[in-house]
$ cat run_36.txt   # compact mmCIF, C-alpha atoms and all ligand atoms
# COMPACT_ATOMS: atom_id res chain seq x y z
CA MET A 1 62.65 99.38 151.08
CA SER A 2 59.31 99.63 149.70
CA SER A 3 58.62 99.44 145.99
CA PRO A 4 60.43 97.11 143.62
CA ASN A 5 61.11 100.05 141.28
CA LEU A 6 63.16 101.82 143.89
CA SER A 7 65.10 99.22 145.80
CA ARG A 8 67.22 100.97 148.43
CA ARG A 9 69.42 97.88 148.68
CA SER A 10 70.50 98.51 145.12
CA PHE A 11 71.61 102.07 146.02
CA VAL A 12 73.56 100.79 148.98
CA ALA A 13 75.10 97.92 147.04
CA ALA A 14 76.29 100.37 144.41
CA GLY A 15 77.76 102.53 147.18
CA VAL A 16 76.16 105.66 145.82
CA THR A 17 75.47 108.82 147.77
CA ALA A 18 71.95 110.03 148.39
CA ALA A 19 72.53 112.86 145.95
CA ALA A 20 73.69 110.62 143.16
CA SER A 21 71.23 107.82 143.79
CA ALA A 22 68.39 109.36 141.85
CA SER A 23 70.21 109.10 138.54
CA LEU A 24 70.71 105.37 139.04
CA ILE A 25 67.09 104.64 139.69
CA GLY A 26 66.06 106.62 136.66
CA ALA A 27 67.80 104.21 134.28
CA ASP A 28 64.52 103.25 132.70
CA PRO A 29 62.20 106.24 133.19
CA PRO A 30 59.45 107.06 133.73
CA LYS A 31 59.05 105.03 136.89
CA LYS A 32 56.38 105.63 139.47
CA VAL A 33 57.45 106.60 142.95
CA LYS A 34 55.03 105.27 145.55
CA VAL A 35 53.83 108.14 147.74
CA GLY A 36 52.36 108.15 151.24
CA VAL A 37 50.62 111.40 152.19
CA ILE A 38 50.39 112.33 155.87
CA GLY A 39 48.10 115.22 156.90
CA CYS A 40 44.83 115.33 154.99
CA GLY A 41 43.74 118.89 155.84
CA SER A 42 43.54 122.12 153.88
CA VAL A 43 46.78 121.96 151.88
CA SER A 44 46.25 118.31 150.88
CA THR A 45 43.39 119.49 148.67
CA GLN A 46 46.00 121.51 146.72
CA TYR A 47 48.71 118.83 146.61
CA LEU A 48 46.60 115.82 145.68
CA PRO A 49 45.27 117.03 142.30
CA HIS A 50 48.85 117.80 141.25
CA LEU A 51 50.23 114.48 142.49
CA MET A 52 47.41 112.56 140.77
CA LYS A 53 48.44 114.05 137.41
CA CYS A 54 52.17 113.53 137.97
CA PRO A 55 53.43 110.68 135.74
CA PHE A 56 56.18 109.88 138.28
CA ALA A 57 53.98 109.50 141.37
CA GLU A 58 51.46 106.96 142.57
CA VAL A 59 49.72 107.88 145.81
CA VAL A 60 49.27 104.60 147.68
CA SER A 61 48.48 105.72 151.24
CA ALA A 62 46.75 108.55 153.10
CA CYS A 63 47.17 109.10 156.83
CA ASP A 64 45.67 111.51 159.37
CA ILE A 65 45.17 111.39 163.13
CA LYS A 66 41.64 112.55 162.27
CA PRO A 67 40.84 109.29 160.42
CA GLU A 68 37.71 110.69 158.75
CA ARG A 69 39.98 113.10 156.83
CA ALA A 70 42.19 110.28 155.54
CA LYS A 71 39.04 108.41 154.52
CA ARG A 72 37.60 111.42 152.71
CA LEU A 73 40.82 112.07 150.82
CA ALA A 74 41.31 108.36 150.00
CA GLU A 75 37.77 108.11 148.61
CA LYS A 76 38.02 111.30 146.57
CA TYR A 77 41.36 110.42 144.96
CA LYS A 78 41.01 106.61 144.97
CA VAL A 79 43.97 106.10 147.29
CA PRO A 80 43.97 102.40 148.19
CA ASN A 81 45.23 102.54 151.80
CA GLN A 82 44.41 104.78 154.75
CA TYR A 83 45.87 104.93 158.26
CA PRO A 84 45.23 106.78 161.55
CA ASN A 85 48.91 107.27 162.50
CA ILE A 86 52.38 107.19 161.00
CA GLY A 87 53.37 103.95 162.75
CA ASP A 88 50.58 102.06 161.01
CA MET A 89 51.37 103.73 157.69
CA LEU A 90 55.07 102.82 157.88
CA ALA A 91 54.16 99.23 158.80
CA GLY A 92 51.49 99.05 156.08
CA ALA A 93 51.56 99.25 152.29
CA ALA A 94 55.05 99.85 150.89
CA PHE A 95 55.91 103.37 149.71
CA ASP A 96 59.01 105.37 148.81
CA LEU A 97 58.26 109.06 149.45
CA LEU A 98 56.52 110.56 152.47
CA VAL A 99 54.68 113.80 151.67
CA ASN A 100 54.27 115.53 155.03
CA LEU A 101 51.34 117.99 155.12
CA THR A 102 50.69 118.02 158.87
CA ASP A 103 50.79 120.83 161.46
CA MET A 104 54.07 122.77 161.36
CA GLN A 105 55.15 121.57 164.82
CA GLU A 106 54.67 117.88 163.86
CA HIS A 107 57.00 117.85 160.84
CA GLU A 108 60.26 117.19 162.69
CA LYS A 109 59.01 114.10 164.53
CA LEU A 110 57.23 112.57 161.53
CA ASN A 111 60.05 113.33 159.07
CA LYS A 112 62.48 111.58 161.46
CA GLN A 113 60.32 108.48 161.76
CA ALA A 114 59.97 108.26 158.00
CA ILE A 115 63.70 108.71 157.33
CA GLU A 116 64.54 106.11 159.97
CA ALA A 117 62.23 103.74 158.09
CA GLY A 118 64.17 104.41 154.84
CA LYS A 119 61.66 106.75 153.18
CA HIS A 120 62.48 109.82 151.14
CA VAL A 121 60.68 112.92 152.47
CA TRP A 122 59.04 115.98 150.97
CA SER A 123 57.92 118.12 153.92
CA GLU A 124 55.80 121.23 154.08
CA LYS A 125 57.61 124.02 155.88
CA PRO A 126 59.38 123.95 158.25
CA LEU A 127 61.49 120.77 157.94
CA ALA A 128 62.01 120.79 161.71
CA ASN A 129 61.38 123.02 164.72
CA THR A 130 65.03 124.09 165.12
CA LEU A 131 68.11 124.36 162.93
CA ALA A 132 69.95 121.74 165.00
CA ALA A 133 67.10 119.25 164.66
CA GLY A 134 66.83 119.95 160.92
CA GLN A 135 70.57 119.41 160.44
CA GLY A 136 70.21 116.16 162.39
CA LEU A 137 67.47 115.05 159.98
CA LEU A 138 69.67 115.80 156.98
CA ARG A 139 72.56 113.82 158.49
CA LEU A 140 70.21 110.93 159.15
CA ALA A 141 68.88 111.10 155.59
CA THR A 142 72.43 110.98 154.23
CA GLU A 143 73.23 107.97 156.43
CA LYS A 144 70.09 106.23 155.29
CA LYS A 145 70.75 107.17 151.64
CA VAL A 146 67.39 108.83 151.22
CA ARG A 147 66.52 112.35 150.08
CA LEU A 148 64.98 115.09 152.18
CA TRP A 149 63.38 118.26 150.81
CA GLY A 150 61.29 121.05 152.31
CA ALA A 151 58.75 123.50 150.89
CA PRO A 152 58.51 126.05 149.44
CA CYS A 153 59.56 125.47 145.84
CA VAL A 154 59.48 129.16 144.81
CA VAL A 155 62.98 128.93 143.26
CA VAL A 156 61.50 126.78 140.48
CA SER A 157 59.30 129.54 139.04
CA PRO A 158 60.26 131.20 135.74
CA GLN A 159 60.05 134.58 137.51
CA PHE A 160 62.65 133.54 140.10
CA ARG A 161 64.90 132.44 137.22
CA TYR A 162 64.35 135.73 135.39
CA MET A 163 65.30 137.76 138.47
CA ALA A 164 68.33 135.58 139.29
CA GLU A 165 69.61 135.78 135.72
CA ALA A 166 69.06 139.57 135.56
CA ILE A 167 71.03 140.01 138.80
CA ASN A 168 73.75 137.59 137.69
CA ALA A 169 74.07 139.41 134.35
CA GLY A 170 74.71 142.68 136.21
CA LYS A 171 71.53 144.41 134.97
CA LEU A 172 71.01 146.04 138.37
CA GLY A 173 74.62 147.19 138.65
CA ARG A 174 75.83 146.98 142.22
CA VAL A 175 72.96 145.29 144.13
CA ALA A 176 72.16 147.17 147.36
CA ALA A 177 68.79 146.28 148.85
CA ALA A 178 65.65 144.18 148.62
CA HIS A 179 62.23 144.17 150.22
CA ALA A 180 59.34 141.69 150.41
CA ASP A 181 56.04 141.43 152.25
CA TYR A 182 53.28 138.87 152.68
CA GLY A 183 50.27 138.96 154.94
CA HIS A 184 46.57 138.37 155.29
CA GLU A 185 44.09 138.22 158.15
CA GLY A 186 45.34 134.82 159.32
CA PRO A 187 44.14 131.21 158.93
CA ASN A 188 40.91 130.48 160.82
CA TRP A 189 40.84 126.67 160.62
CA SER A 190 43.64 125.37 162.86
CA ALA A 191 45.19 126.51 166.14
CA PHE A 192 48.74 125.36 165.32
CA PHE A 193 49.36 128.51 163.26
CA TYR A 194 49.18 130.52 166.54
CA GLU A 195 50.83 128.05 168.94
CA LYS A 196 54.54 127.88 169.88
CA GLY A 197 56.53 127.03 166.74
CA GLY A 198 53.85 128.54 164.51
CA GLY A 199 53.46 132.18 163.46
CA SER A 200 53.57 134.18 160.28
CA LEU A 201 57.33 133.57 159.89
CA PRO A 202 57.25 129.82 159.13
CA ASP A 203 53.85 130.08 157.45
CA LEU A 204 54.21 133.20 155.26
CA ALA A 205 57.62 134.93 155.42
CA VAL A 206 59.25 131.57 154.66
CA TYR A 207 58.43 132.13 150.96
CA GLN A 208 60.09 135.53 150.67
CA LEU A 209 63.02 134.52 152.90
CA THR A 210 63.60 131.63 150.49
CA THR A 211 63.36 133.88 147.43
CA LEU A 212 65.56 136.68 148.75
CA THR A 213 68.28 134.39 150.11
CA GLY A 214 68.02 132.45 146.83
CA LEU A 215 68.60 135.65 144.85
CA LEU A 216 71.08 137.45 147.11
CA GLY A 217 72.85 134.53 148.79
CA PRO A 218 72.84 133.26 152.38
CA ALA A 219 72.36 135.80 155.17
CA LYS A 220 75.31 136.43 157.48
CA SER A 221 73.25 137.96 160.28
CA VAL A 222 69.71 138.96 161.22
CA SER A 223 68.17 141.81 163.18
CA ALA A 224 64.47 141.56 163.79
CA MET A 225 61.37 142.53 165.70
CA THR A 226 58.21 140.50 166.17
CA SER A 227 54.99 141.07 168.08
CA VAL A 228 51.55 139.67 168.80
CA VAL A 229 48.93 142.11 167.55
CA THR A 230 45.82 139.99 168.18
CA PRO A 231 46.21 138.12 171.51
CA THR A 232 43.19 135.82 171.13
CA ARG A 233 41.56 134.19 168.12
CA LYS A 234 38.69 131.86 167.29
CA VAL A 235 39.73 128.87 165.16
CA GLY A 236 37.85 125.92 163.68
CA ASP A 237 39.54 123.06 165.53
CA LYS A 238 39.92 124.50 169.07
CA GLY A 239 37.51 127.44 169.38
CA ASP A 240 38.84 130.42 171.39
CA ILE A 241 42.63 130.28 171.75
CA LYS A 242 45.47 132.42 173.07
CA VAL A 243 47.93 133.55 170.40
CA VAL A 244 51.47 132.61 171.47
CA ALA A 245 53.47 132.74 168.23
CA GLU A 246 54.18 136.11 166.61
CA ASP A 247 51.55 137.37 164.20
CA ASN A 248 53.64 140.36 163.07
CA ALA A 249 57.30 140.18 162.00
CA MET A 250 60.01 142.43 160.52
CA VAL A 251 63.27 140.77 159.52
CA LEU A 252 66.45 142.51 158.34
CA MET A 253 69.08 140.30 156.68
CA ASP A 254 72.71 141.17 156.00
CA HIS A 255 73.82 139.16 152.95
CA GLY A 256 77.42 140.43 153.14
CA ASN A 257 79.19 142.65 150.64
CA GLY A 258 76.96 145.53 151.74
CA VAL A 259 73.69 143.93 150.56
CA ILE A 260 70.77 144.30 153.00
CA SER A 261 67.21 142.97 152.61
CA HIS A 262 63.98 143.21 154.55
CA VAL A 263 61.01 140.84 154.82
CA GLN A 264 57.78 141.55 156.67
CA SER A 265 54.89 139.18 157.32
CA GLY A 266 51.80 139.10 159.47
CA PHE A 267 48.36 137.71 160.22
CA ASN A 268 46.82 141.17 160.68
CA TYR A 269 47.25 142.53 157.19
CA PHE A 270 44.24 143.87 155.35
CA ASN A 271 44.41 141.96 152.08
CA PRO A 272 41.45 142.05 149.69
CA HIS A 273 42.74 138.87 148.00
CA GLY A 274 42.86 136.79 151.22
CA HIS A 275 44.61 133.46 150.66
CA ASP A 276 44.34 133.73 146.89
CA GLY A 277 47.25 135.48 145.20
CA LYS A 278 46.10 135.52 141.60
CA ASN A 279 44.78 139.10 141.64
CA GLU A 280 47.71 140.63 143.51
CA GLN A 281 49.23 143.24 141.20
CA ARG A 282 51.62 144.95 143.65
CA HIS A 283 55.35 144.38 143.66
CA THR A 284 55.42 142.29 146.82
CA LEU A 285 59.13 141.61 146.31
CA SER A 286 61.71 143.98 144.85
CA VAL A 287 65.47 144.25 144.42
CA VAL A 288 67.33 147.47 143.69
CA GLY A 289 70.89 148.21 142.61
CA SER A 290 72.94 151.14 141.34
CA THR A 291 71.67 150.86 137.75
CA GLY A 292 68.37 148.97 137.91
CA TYR A 293 65.25 147.78 139.73
CA LEU A 294 63.29 144.49 139.64
CA GLY A 295 59.77 144.17 141.02
CA MET A 296 57.93 140.87 141.20
CA VAL A 297 54.27 141.33 140.26
CA GLY A 298 52.18 139.38 142.74
CA TYR A 299 53.65 136.92 145.23
CA ASP A 300 56.73 134.79 144.70
CA TRP A 301 54.58 131.68 145.27
CA MET A 302 52.18 132.81 142.50
CA PRO A 303 54.15 135.30 140.40
CA LEU A 304 52.43 137.09 137.52
CA GLY A 305 55.52 138.67 136.01
CA VAL A 306 58.58 140.79 136.78
CA GLU A 307 58.88 144.51 136.08
CA ILE A 308 62.30 145.86 135.30
CA ALA A 309 63.70 149.39 134.95
CA THR A 310 67.35 150.24 134.28
CA HIS A 311 69.45 153.25 133.37
CA LYS A 312 69.15 152.21 129.73
CA GLN A 313 65.38 151.73 129.96
CA PRO A 314 64.09 153.78 132.90
CA LYS A 315 60.37 153.12 132.35
CA LEU A 316 59.14 149.95 134.09
CA LYS A 317 58.67 147.16 131.58
CA ARG A 318 56.76 143.98 132.38
CA GLU A 319 58.68 140.82 131.49
CA SER A 320 58.55 137.11 132.35
CA THR A 321 54.76 136.84 132.36
CA GLU A 322 54.79 133.16 131.30
CA LYS A 323 53.78 130.87 134.12
CA GLY A 324 54.98 127.67 132.44
CA ASP A 325 53.91 124.67 134.49
CA TYR A 326 54.96 126.25 137.79
CA VAL A 327 52.48 126.20 140.69
CA TRP A 328 53.43 126.49 144.37
CA GLN A 329 51.87 123.12 145.20
CA MET A 330 54.09 121.15 142.79
CA GLY A 331 57.03 120.46 145.14
CA ALA A 332 56.11 116.86 146.02
CA SER A 333 55.53 116.02 142.34
CA LEU A 334 58.95 117.45 141.46
CA ALA A 335 60.51 115.42 144.28
CA ALA A 336 58.90 112.27 142.81
CA GLU A 337 60.20 113.20 139.35
CA CYS A 338 63.69 113.76 140.73
CA LEU A 339 63.64 110.33 142.40
CA ALA A 340 62.27 108.58 139.33
CA THR A 341 64.45 110.19 136.67
CA GLY A 342 67.42 111.80 138.42
CA LYS A 343 66.37 115.17 136.99
CA ASP A 344 67.92 118.13 138.83
CA PHE A 345 65.80 119.85 141.43
CA LEU A 346 66.63 123.45 142.36
CA VAL A 347 65.10 123.03 145.82
CA SER A 348 67.76 121.96 148.34
CA PRO A 349 67.50 120.93 152.01
CA GLU A 350 70.47 123.18 152.83
CA HIS A 351 68.51 126.20 151.59
CA ALA A 352 65.43 125.20 153.61
CA LEU A 353 67.62 124.79 156.70
CA HIS A 354 69.21 128.21 156.17
CA VAL A 355 65.74 129.80 156.04
CA LEU A 356 64.86 127.89 159.21
CA GLU A 357 67.96 129.43 160.84
CA VAL A 358 66.83 132.92 159.73
CA ILE A 359 63.45 132.29 161.41
CA GLN A 360 65.14 130.99 164.57
CA ALA A 361 67.49 134.01 164.59
CA THR A 362 64.51 136.35 164.16
CA ARG A 363 62.94 134.94 167.32
CA GLU A 364 66.28 135.22 169.15
CA SER A 365 66.80 138.81 167.99
CA GLN A 366 63.34 139.74 169.31
CA ASP A 367 64.00 138.01 172.65
CA THR A 368 67.48 139.50 173.19
CA GLY A 369 67.24 142.82 171.35
CA LYS A 370 70.49 141.84 169.57
CA ARG A 371 71.70 141.17 166.04
CA VAL A 372 72.22 137.41 165.56
CA THR A 373 75.06 135.86 163.52
CA LEU A 374 74.11 132.89 161.31
CA THR A 375 76.19 129.77 160.75
CA SER A 376 74.46 127.83 157.96
CA THR A 377 74.93 128.29 154.26
CA PHE A 378 73.81 126.84 150.91
CA LYS A 379 74.57 127.11 147.21
CA ARG A 380 72.41 129.64 145.36
CA PRO A 381 70.01 127.67 143.11
CA ILE A 382 70.81 129.77 140.01
CA GLY A 383 74.29 131.05 140.77
N1 LIG A 401 46.46 125.54 153.90
C1 LIG A 401 47.23 126.08 152.97
O1 LIG A 401 46.74 126.74 152.02
C2 LIG A 401 48.72 125.91 153.01
C3 LIG A 401 49.47 126.40 151.93
C4 LIG A 401 50.84 126.16 151.91
C5 LIG A 401 51.43 125.47 152.94
N2 LIG A 401 50.69 125.03 154.01
C6 LIG A 401 51.37 124.28 155.08
O2 LIG A 401 50.84 122.96 155.10
C7 LIG A 401 50.87 122.42 156.42
C8 LIG A 401 49.46 121.99 156.81
O3 LIG A 401 48.61 123.12 156.79
P1 LIG A 401 47.03 122.97 156.60
O4 LIG A 401 46.52 124.33 156.37
O5 LIG A 401 46.74 121.89 155.61
O6 LIG A 401 46.61 122.49 158.07
P2 LIG A 401 45.33 121.65 158.46
O7 LIG A 401 45.13 121.84 159.91
O8 LIG A 401 44.20 121.96 157.55
O9 LIG A 401 45.79 120.14 158.17
C9 LIG A 401 46.78 119.48 158.92
C10 LIG A 401 46.35 118.03 159.07
O10 LIG A 401 47.42 117.28 159.66
C11 LIG A 401 46.83 116.36 160.57
N3 LIG A 401 47.85 115.95 161.54
C12 LIG A 401 48.40 116.71 162.53
N4 LIG A 401 49.30 115.97 163.21
C13 LIG A 401 49.34 114.76 162.64
C14 LIG A 401 50.08 113.57 162.89
N5 LIG A 401 50.99 113.51 163.90
N6 LIG A 401 49.86 112.49 162.11
C15 LIG A 401 48.97 112.54 161.10
N7 LIG A 401 48.22 113.65 160.82
C16 LIG A 401 48.41 114.74 161.57
C17 LIG A 401 45.68 117.11 161.17
O11 LIG A 401 44.73 116.23 161.78
C18 LIG A 401 45.13 117.85 159.97
O12 LIG A 401 44.14 117.11 159.29
C19 LIG A 401 51.47 123.53 157.29
O13 LIG A 401 52.86 123.34 157.37
C20 LIG A 401 51.17 124.80 156.50
O14 LIG A 401 52.09 125.84 156.79
C21 LIG A 401 49.34 125.22 154.04

$ encode --input "run_36.txt" --output "structure tokens" --more "lines below"
Ligand SMILES: NC(=O)c1ccc[n+]([C@@H]2O[C@H](COP(=O)([O-])OP(=O)(O)OC[C@H]3O[C@@H](n4cnc5c(N)ncnc54)[C@H](O)[C@@H]3O)[C@@H](O)[C@H]2O)c1
Amino acid sequence: MSSPNLSRRSFVAAGVTAAASASLIGADPPKKVKVGVIGCGSVSTQYLPHLMKCPFAEVVSACDIKPERAKRLAEKYKVPNQYPNIGDMLAGAAFDLLVNLTDMQEHEKLNKQAIEAGKHVWSEKPLANTLAAGQGLLRLATEKKVRLWGAPCVVVSPQFRYMAEAINAGKLGRVAAAHADYGHEGPNWSAFFYEKGGGSLPDLAVYQLTTLTGLLGPAKSVSAMTSVVTPTRKVGDKGDIKVVAEDNAMVLMDHGNGVISHVQSGFNYFNPHGHDGKNEQRHTLSVVGSTGYLGMVGYDWMPLGVEIATHKQPKLKRESTEKGDYVWQMGASLAAECLATGKDFLVSPEHALHVLEVIQATRESQDTGKRVTLTSTFKRPIG
């Protein structure tokens, strides 16, 4: 393994599991986890400032198949090593945690290479292109005694906690239904968002699918419709392209026990706030039960508060407006902290894989016109 602080041999010698290993290595915190970032495009400009301030992370390498991007990022953030492909990065300067910020369709392959080389992985969504491949990655990670996590980290926000605790405390009575939506006019910089394996589901709905399954529990089955509204687009990297992946999706989830939720996403949604959520005042996500209602103000990835109404207090009241230190781009820093100190992390690979199965089932439901039964499950983060 890579850095002396985090010798993998010592985990193996101690016979610890991947899950328990983090507490061992945190014996003398804070230790710095050496980070290699792959994919130096748009989202890297959000991740890097957070990672640079994280006391548990030291970014040692930047990699991109467009080498000028790795160079630019390395210069801006004083990252000492830069590489044009993952093979060179894995063979180069030692590191512990791969932060994968590449095209959605590339994650599976790169995550696998990194795990095989004994690296922990924080991956942007999705972890893999299919549930089966994602489950294979998790098995491999367990064998290799490394950790694997996937974005998003919405379950870490104080507003997610507030909603989960309100539901758990029975404030909504018998929970019945939930709704969430997220859309804008679509990214215009890269084609992969519109190619096979892309779409608004893994790019946008993934947030609300994570929040609603996190609050209401794993889905048992999915019924869905998707469509392509805009068949051609112009994008920065490839010019005029054909849109293959859905750009419009409606997903119905059955959580069991009578609870049904709905998530919609799309790349053809008028949205005056564009990619910036900080001025969104609507309830983009809501949960209703027999005695109460919860509405998240703004998006779950940038929540501004939660409004609650109940039988006892029927007028909507805004609560949980404190942001704390939560930001959506903090997942890799939290992964580094978890590795360095053993601190609990509410984000789990099983949850990310369940959401991946919901997305896969959505595509299958559209193709077959049928309701699709799900097989994966996970433990609710705040149960
Ligand atoms: N842009 C955002 O605001 C945003 C926000 C949240 C999540 N995300 C997610 O982040 C990921 C990246 O999105 P983006 O908008 O930064 O895309 P982008 O196109 O701006 O950047 C992706 C980068 O990855 C590089 N790359 C692709 N394949 C590679 C490989 N095999 N090896 C090394 N580098 C490779 C590309 O050259 C490119 O520079 C996606 O999963 C996306 O869903 C993006």

$ closest_residue --input "run_36.txt" --among "A:Tyr293, A:Trp301, A:Phe56, A:Tyr182" --to "ligand LIG 401 (chain A)" --atoms "only C-alpha atoms and all ligand atoms"
A:Trp301

$ closest_residue --input "run_36.txt" --among "A:Asn168, A:Gln113, A:Ser333, A:Ser290" --to "Pro55 of chain A" --atoms "all atoms listed in the file"
A:Ser333

$ residues_near_ligand --input "run_36.txt" --ligand "ligand LIG 401 (chain A)" --cutoff "6 Å" --atoms "all atoms listed in the file" --output "list of chain:residue names"
A:Ile38, A:Gly39, A:Cys40, A:Gly41, A:Ser42, A:Val43, A:Ser44, A:Cys63, A:Asp64, A:Ile65, A:Lys66, A:Asn85, A:Ile86, A:Leu101, A:Thr102, A:Asp103, A:Met104, A:Glu106, A:Glu124, A:Lys125, A:Ser190, A:Asp203

$ closest_residue --input "run_36.txt" --among "A:Gly118, A:Thr373, A:Tyr83, A:Glu165" --to "Lys71 of chain A" --atoms "only C-alpha atoms"
A:Tyr83

$ residues_around --input "run_36.txt" --residues "Arg147 of chain A" --least-positions-apart "4" --cutoff "12 Å" --atoms "only C-alpha atoms" --output "JSON, numbers by chain"
{"A": [8, 17, 18, 19, 20, 21, 22, 96, 97, 98, 111, 114, 115, 116, 118, 119, 120, 121, 122, 123, 137, 138, 139, 140, 141, 142, 143, 335, 336, 338, 339, 342, 345, 347, 348, 349, 350]}

$ atom_distance --input "run_36.txt" --atom1 "atom CA of Gln313 of chain A" --atom2 "atom CA of Gly289 of chain A"
14.2 Å

$ closest_residue --input "run_36.txt" --among "A:Gln264, A:Gln159, A:Thr310, A:Gln281" --to "Val297 of chain A" --atoms "only C-alpha atoms"
A:Gln281

$ residues_around --input "run_36.txt" --residues "segment 354-364 of chain A" --least-positions-apart "5" --cutoff "8 Å" --atoms "all atoms listed in the file" --output "number ranges by chain"
A: 126-127, 130-131, 201-202, 206, 209-210, 213, 218-219, 222-226, 251, 369-370, 372-374, 376-378

$ residues_around --input "run_36.txt" --residues "Leu346 of chain A" --least-positions-apart "5" --cutoff "7 Å" --atoms "only C-alpha atoms" --output "VMD selection string"
chain A and resid 155 to 156 381

$ atom_distance --input "run_36.txt" --atom1 "atom CA of Ser221 of chain A" --atom2 "atom CA of Ala133 of chain A"
20.2 Å

$ residues_around --input "run_36.txt" --residues "Thr45 of chain A" --least-positions-apart "5" --cutoff "12 Å" --atoms "only C-alpha atoms" --output "PyMOL selection string"
chain A and resi 37+39-40+50-52+69-70+72-74+76-77+101+329

$ atom_distance --input "run_36.txt" --atom1 "atom CA of Ala249 of chain A" --atom2 "atom CA of Phe267 of chain A"
9.4 Å

$ residues_around --input "run_36.txt" --residues "segment 285-287 of chain A" --least-positions-apart "6" --cutoff "9 Å" --atoms "all atoms listed in the file" --output "PyMOL selection string"
chain A and resi 163+167+172+175-181+208+211-212+261+263+293-300

$ closest_residue --input "run_36.txt" --among "A:Tyr162, A:Phe95, A:Tyr47, A:Phe193" --to "Arg233 of chain A" --atoms "all atoms listed in the file"
A:Phe193
